[in-house]
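Student: One structure, as structure tokens, below. Some questions next.
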Amino acid sequence: MKSKNLTLLVAMLTCCFTLKADCKEMNSPQEIRIQLSSESSLQPIYCSSISQTDTSFSVNYLKDLEKVISHDFNNNGKTKVINKSAEKDKVLSNAISKNATDLKLWRTTNIPYGVKFTIISKKLSVTVLDNNTNHIKTISDVMLTGNLSEDRRSVHKIADMIHYVLFNEIGIANSRILYSFQNKAFEDGSKSISEIWECDWDGYNAKQVTKENTFCVTPVLLPKGNSSKDMFFYVNYKTGQPKIYISSMDGNQNTKAVDIRGNQLLPAISKNRDLLAFICDASGRADLFVQSIEPSKGKMGTPIQLFSYPRSTQASPTFSPDGTKIAFASDKDGSTRIYTIPSIRGEKRAQPVLITKQNRENSCPSWSPDGTKLAYSAKTEGIRQIWIYDFTTGEESQLTFGGGNKENPCWAENSLHLIFNSTDSNSSDLYVVNLKQPEAIRITNGPGKKHYPTWGPR
């Protein structure tokens with residue numbers, strides 16, 4: 001289609017769909033600042049040095065495991081790891097052994113939580129002391145291999161177990177990130193190669209998922225269901241036109257998900273796994289479509305045009321947690337803003353409700369799993385920043401500051417953490433932030449364009 005709308009759609013593909021050569025490696029991360037709405041106190045947690053018996057693990061290996069532990073507890077939005085000392089290690093060990101004197105001494109440290117790590121015969125045991133309640137919980141016999149890539153995931157699992165013990169909330173350390181990695185481009189610019197990759201929440205254990213040798217973008221993990229297979233939707237250009245496919249994480253299953261002509265972009269999945277939203281120009285404009293899906297039965301429904309508007313482009317749908325509404329970007333009133341609309345079309349088509357009013361260029365919304373917030377990218381003083389819309393108060397607030405265009409935010413399951421990509425002239429990498437800490441953590445590095453991240457469980 002040679003229309004203005006399609007040109008705009010490709011340009012808007014989740015904010016900024018510019019296809020450029022590989023980025024140069026950057027020696028230092030961009031300075032990204034986070035504006036917190038209020039001061040949030042993080043609870044001190046003490047993590048002992050790892051002691052070992054009857055094992056041959058090297059000192060460097062143990063130090064690397066301790067770094068993984070520190071990262072998980074320093075960035076969970078709840079705790080802050082305090083510095084180790086041999087004296088605190090001893091007092092904590094004796095307190096856990098219920099030595100009355102040392103238990104009393106540990107209480108005087110005013111450290112709410114203490115965690116002791118011990119390896120015996122390559123099995124890791126963890127004991128957690130809650131100073132507020134004097135409760136002691138043990139997680140035992142976690143087998144370690146000595147391979148850091150494998151064992152760091154075991155540590156992530158343990159961090160989430162401890163998080164649940166202390167806060168009765170599911171942690172996200174054992175979650176994963178899918179993203180598009182554009183790492184090849186022909187010199188004449190005629191073709192770009194982008195594949196879907198996966199990594200841990202801290203950026204490690206990165207591996208390629210698709211092997212299409214074409215342009216694959218905007219992955220979306222299918223929420224967990226009865227199926228044992230992990231599945232995801234994504235856009236694939238292997239036929240020339242962008243089409244939406246569904247694939248298993250092991251790559252053994254890969255099929256078209258949408259049976260409709262035209263370009264198909266920007267898939268979004270409802271939490272209940274029953275609706276797929278996407279953008280398509282089958283009717284001559286870049287419109288918002290939805291279709292019912294049954295991934296467990298291998299069936300997809302018939303696409304229905306949910307919203308269209310003359311001479312306008314729709315983009316970036318995202319579902320509310322209950323699946324009853326969709327937020328999306330549209331330039332129907334001139335500048336690109338965020339609207340919401342019911343996800344099921346009635347006899348009379350519903351009119352979108354404008355959400356973002358403070359900025360004139362808003363795009364790529366992401367609805368928080370708890371339903372209270374919407375993250376999006378907005379052009380702010382010439383640079384795209386991440387903003388938050390609060391459904392409770394109706395207020396819009398700027399979350400990120402600093403250089404680099406920050407786009408494509410996606411929430412973790414806890415509605416506290418966000419991942420997004422930030423791009424400047426030297427790099428295009430993924431950053432993780434949470435709403436309680438002022439630091440943005442870059443989890444990818446090196447040449448290549450990393451963008452369109454999506455967060456999901458493992």
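Ordering of the structure tokens sets the chain letters (A, B, ...), residue numbers begin anew at 1 in every chain, and ligands are numbered from 1 in the order given.
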Any chance you could tabulate, as CSV, the residues of segment 243-318 of chain A at most 12 Å from segment 406-410 of chain A with each one's nearest atom pair and distance in Å to one decimal, using only C-alpha atoms, in chain and rising number order?

Tutor:
residue,atom,partner,partner_atom,distance
A:Leu266,CA,A:Asn408,CA,11.3
A:Ala268,CA,A:Cys410,CA,11.7
A:Ser316,CA,A:Asn408,CA,9.3
A:Pro317,CA,A:Asn408,CA,11.7
A:Thr318,CA,A:Cys410,CA,10.0

Student: Do a neighbour search on Pro352 of chain A at 7 Å with only C-alpha atoms, toss out local chain neighbours closer than 5 positions, and write the hits as a PyMOL selection string.

Tutor: chain A and resi 339-341

Student: Deliver the residues from the most recent selection as a file, using N, CA and C atoms, as a PDB file, in the first residue's frame.

Tutor:
ATOM      1  N   TYR A 339      -4.882   6.610  23.810  1.00  0.00           N
ATOM      2  CA  TYR A 339      -6.316   6.486  24.037  1.00  0.00           C
ATOM      3  C   TYR A 339      -6.616   5.097  24.589  1.00  0.00           C
ATOM      4  N   THR A 340      -7.792   4.957  25.187  1.00  0.00           N
ATOM      5  CA  THR A 340      -8.287   3.634  25.579  1.00  0.00           C
ATOM      6  C   THR A 340      -9.623   3.387  24.885  1.00  0.00           C
ATOM      7  N   ILE A 341      -9.915   2.095  24.675  1.00  0.00           N
ATOM      8  CA  ILE A 341     -11.152   1.708  24.005  1.00  0.00           C
ATOM      9  C   ILE A 341     -11.533   0.306  24.479  1.00  0.00           C
TER      10      ILE A 341
END

Student: Show me, as a ChimeraX atom specification, the residues that have an atom within 8 Å of segment 45-59 of chain A when counting only C-alpha atoms, minus same-chain residues fewer than 5 positions from it.

Tutor: /A:66,70,73,79-84,88-89,111-122,146

Student: Those residues with C-alpha atoms, as a PDB file, in the first residue's frame please?

Tutor:
ATOM      1  CA  GLU A  66      27.846 -13.295  45.636  1.00  0.00           C
ATOM      2  CA  SER A  70      23.869  -8.657  45.619  1.00  0.00           C
ATOM      3  CA  PHE A  73      18.688  -7.905  46.425  1.00  0.00           C
ATOM      4  CA  THR A  79      16.013  -4.181  50.035  1.00  0.00           C
ATOM      5  CA  LYS A  80      19.524  -2.771  49.968  1.00  0.00           C
ATOM      6  CA  VAL A  81      22.516  -5.018  50.686  1.00  0.00           C
ATOM      7  CA  ILE A  82      24.879  -3.729  53.380  1.00  0.00           C
ATOM      8  CA  ASN A  83      28.618  -4.336  53.413  1.00  0.00           C
ATOM      9  CA  LYS A  84      29.953  -7.683  54.596  1.00  0.00           C
ATOM     10  CA  LYS A  88      28.605  -9.834  61.193  1.00  0.00           C
ATOM     11  CA  ASP A  89      29.022 -13.227  59.508  1.00  0.00           C
ATOM     12  CA  ILE A 111      19.354  -4.984  60.313  1.00  0.00           C
ATOM     13  CA  PRO A 112      15.872  -6.357  59.556  1.00  0.00           C
ATOM     14  CA  TYR A 113      17.001  -9.332  57.478  1.00  0.00           C
ATOM     15  CA  GLY A 114      20.020 -11.610  57.527  1.00  0.00           C
ATOM     16  CA  VAL A 115      20.772 -14.347  55.013  1.00  0.00           C
ATOM     17  CA  LYS A 116      23.447 -17.010  55.498  1.00  0.00           C
ATOM     18  CA  PHE A 117      24.797 -19.020  52.538  1.00  0.00           C
ATOM     19  CA  THR A 118      26.515 -22.399  52.932  1.00  0.00           C
ATOM     20  CA  ILE A 119      27.695 -24.921  50.326  1.00  0.00           C
ATOM     21  CA  ILE A 120      28.219 -28.536  51.397  1.00  0.00           C
ATOM     22  CA  SER A 121      29.107 -31.146  48.775  1.00  0.00           C
ATOM     23  CA  LYS A 122      28.034 -28.774  45.980  1.00  0.00           C
ATOM     24  CA  GLY A 146      30.215 -24.914  39.083  1.00  0.00           C
TER      25      GLY A 146
END

Student: Find, counting only C-alpha atoms, the residue in A:Val353, A:Leu178, A:Leu42, A:Cys216 that gets nearest to Gln437 of chain A.

Tutor: A:Leu42

Student: For His135 of chain A, find every residue with an atom within 10 Å (counting only C-alpha atoms), except residues of its own chain fewer than 5 positions away, and show them as a list in words.

Tutor: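 Counting only the stated atoms, we get Ile96, Val128, Leu129, Asp130, Val165 and Leu166 of chain A.
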
Student: Could the residues in this selection be saved with N, CA and C atoms as a short mmCIF file (atom, residue, chain, number, x, y, z; two decimals), in the first residue's frame?

Tutor:
data_model
loop_
_atom_site.label_atom_id
_atom_site.label_comp_id
_atom_site.auth_asym_id
_atom_site.auth_seq_id
_atom_site.Cartn_x
_atom_site.Cartn_y
_atom_site.Cartn_z
N ILE A 96 21.45 -17.54 64.03
CA ILE A 96 20.65 -18.55 63.35
C ILE A 96 20.68 -19.87 64.10
N VAL A 128 17.40 -17.84 56.32
CA VAL A 128 16.94 -16.45 56.36
C VAL A 128 16.45 -16.13 57.76
N LEU A 129 16.95 -15.05 58.33
CA LEU A 129 16.54 -14.58 59.65
C LEU A 129 15.81 -13.26 59.51
N ASP A 130 14.55 -13.25 59.95
CA ASP A 130 13.75 -12.03 59.96
C ASP A 130 13.84 -11.42 61.35
N VAL A 165 9.46 -15.31 51.12
CA VAL A 165 9.51 -15.56 52.56
C VAL A 165 9.42 -14.25 53.34
N LEU A 166 10.13 -13.22 52.88
CA LEU A 166 10.20 -11.97 53.63
C LEU A 166 9.00 -11.06 53.39
#

Student: Could you tell me how far atom CA of Ala206 of chain A sits from atom CA of Ser366 of chain A, in Å to one decimal place?

Tutor: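 Atom CA of Ala206 of chain A lies 23.7 Å from atom CA of Ser366 of chain A.
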
Student: Quick one: residues within 7 Å of Asp281 of chain A, only C-alpha atoms, excluding same-chain residues fewer than 6 positions away - as JSON, numbers by chain?

Tutor: {"A": [262, 263, 287]}

Student: Assign secondary structure with DSSP using the backbone only, and return the residues of segment 128-205 of chain A in alpha helix (DSSP H) as a count of residues only.

Tutor: 20
